[in-house]
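One structure below.
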Amino acid sequence: MIWLTWRQHRKQAFYTVLGLAALAALLVPIGLSMRHTFADLGLTDCVRQLADPDVAMATRETCDAGFRRFGNQYSGLNLVAVLLIALPALVGLFWGAPLVAREVEHGTHRFVWTQGVGRTRWALVKFGLVGGTALVLAAIYGLGMSWWVDPLTQVADEGRLGMIVFDLQGIVPIGYTLFAVALGVFAGTVWKRMLPAMGITLAGFIGVRAAVEMLARSHYQAARTKTFPIETEGPPEMNRGNWILTQGVRNPDGTMIAEGTQIQCPPGGKGPTGRVCGAELGLEPGAYNWQLYQPADRFWLFQGIETGIFVALALLLLYLAVRRVRGIA
């Protein structure tokens with residue numbers, strides 16, 4: 001049974017490995033180029049220096065200029081990153097969805113299940129081998145992408161918790177890939193033709209991923225709040241890498257005056273023209289800037305939680321798929 005499964009899927013495995021090799025050939029030179037640029041701009045030292053909240057104003061400004069220059073040079077990679085997010089879905093489409101649907105659509109399942117191979121054994125071997133292969137490939141992909149996006153995450157204000165870059169690296173690609181394969185397998189047991197199964201797999205994957213990212217991820221742990229005064233001589237203290245969920249300006253009683261922004265006024269609260277800073281917003285004495293954020297050091301915790309969610313969903317879908325295979329006529 002194991003040999004038969006390998007014979008059936010060896011072409012898929014070959015083309016998948018070939019695709020990963022082509023992807024590596026494209027991304028590794030870009031990754032090396034990013035690292036050289038990062039070092040040439042002195043950003044390695046900047047990352048270390050900006051970790052100190054008492055860093056000098058001139059150093060902060062110099063580093064910010066270097067970060068902007070690096071970001072402008074590699075801003076075109078944002079589109080590449082968006083495309084890379086789709087890779088786990090492709091594995092689900094071309095590995096998971098055809099696994100059962102192709103057998104039933106072609107009628108070959110009747111031959112297989114009457115040759116001394118029980119349905120449960122057939123399902124467990126097929127699902128196990130395909131899932132194990134997807135697991136290995138996803139782990140390689142996740143490690144490679146962690147290396148590739150590292151310079152980009154160090155430049156970004158939200159660091160590794162930022163949208164898109166969080167989804168590309170670490171261990172979450174493993175959860176996404178296993179879920180995509182399991183969803184494809186289950187879809188193939190319900191809609192027993194390949195094209196409908198692939199369509200349901202794609203729609204379901206996008207829907208669940210979007211729901212988890214937009215509705216659940218920010219609530220994995222209770223968010224923290226931070227306040228800092230409006231009047232300051234220099235820029236407000238910033239912790240690079242924090243995921244800012246929302247921010248704004250509040251009056252002393254907590255009333256939100258300006259949402260989604262921050263205000264910085266010179267000491268004394270008056271601008272160059274003598275007008276009270278922020279008067280047009282109705283700021284009262286004692287108003288302050290406010291942020292709701294997830295700390296940068298929760299990256300691996302969030303990775304573990306999200307991976308666990310998608311692995312649990314994958315196991316549930318595979319269990320349901322095995323039960324449905326038993327009932328296929």
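The way I read the labels, and the way they are meant: chains A, B, ... in the order of the structure tokens, residue 1 as the first residue of every chain, and ligand 1 as the first ligand shown, with later ones counted on from there.
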
Using only C-alpha atoms, which protein or nucleic acid residues come within 12 Å of A:Arg240? Drop anything in the same chain fewer than 4 positions from it, and give the result as a compact mmCIF listing (two decimals) with C-alpha atoms, in the first residue's frame.
```
# COMPACT_ATOMS: atom_id res chain seq x y z
CA CYS A 46 20.95 50.54 14.49
CA VAL A 47 18.80 47.61 15.60
CA ARG A 48 21.03 47.13 18.63
CA GLN A 49 21.21 50.85 19.47
CA LEU A 50 17.48 51.49 19.15
CA ALA A 51 16.80 48.77 21.70
CA ASP A 52 18.11 51.30 24.24
CA PRO A 53 15.30 53.76 25.11
CA ARG A 60 17.59 57.70 16.12
CA ASP A 64 15.26 55.98 10.80
CA PHE A 67 15.41 52.11 7.58
CA THR A 153 11.00 42.40 9.73
CA GLN A 154 13.85 44.27 11.43
CA VAL A 155 13.07 47.35 9.36
CA ALA A 156 9.29 47.21 9.80
CA ASP A 157 7.83 49.05 12.80
CA GLU A 158 5.65 46.02 13.65
CA GLY A 159 8.54 43.57 13.33
CA ARG A 160 7.74 39.87 13.09
CA LEU A 161 4.16 40.36 14.29
CA GLY A 162 3.25 42.46 11.27
CA ILE A 244 0.08 48.42 17.42
CA TYR A 293 -0.49 46.85 21.41
CA GLN A 294 0.84 43.30 21.47
CA PRO A 295 4.50 43.14 22.60
CA ALA A 296 7.14 41.94 20.17
CA ASP A 297 8.31 39.19 22.54
```

* To do: Would you mind listing what lies within 6 Å of stretch 164-180 of chain A as a list in words, with only C-alpha atoms counted and same-chain residues fewer than 5 positions away left out?
  =>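 Returned residues: Pro88, Ala89, Gly92, Ala138, Ala139, Gly142, Met145, Ser146, Gln303, Thr307, Phe310, Val311 and Ala314 of chain A.
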
* Identify all residues of stretch 151-272 of chain A in alpha helix (DSSP H) (DSSP on the backbone) and supply them as a PyMOL selection string. => chain A and resi 151-155+165-168+172-190+194-211

* Quick one: of A:Ala56, A:Val130, A:Ile140, A:Met256, who's nearest to A:Ala21, counting only C-alpha atoms? ->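 Counting only C-alpha atoms, the residue closest to A:Ala21 is A:Ile140.
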
* **Residue nearest A:Leu43 - candidates A:Leu23, A:Ile30, A:Arg69, A:Ile309, atoms counted: only C-alpha atoms** =>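 Using only C-alpha atoms, A:Leu43 sits closest to A:Arg69.
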
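Comparing A:Gln291, A:Asn72, A:Ser218, A:Thr232 by their smallest distance to A:Gln247, the closest is A:Gln291 (using only C-alpha atoms).
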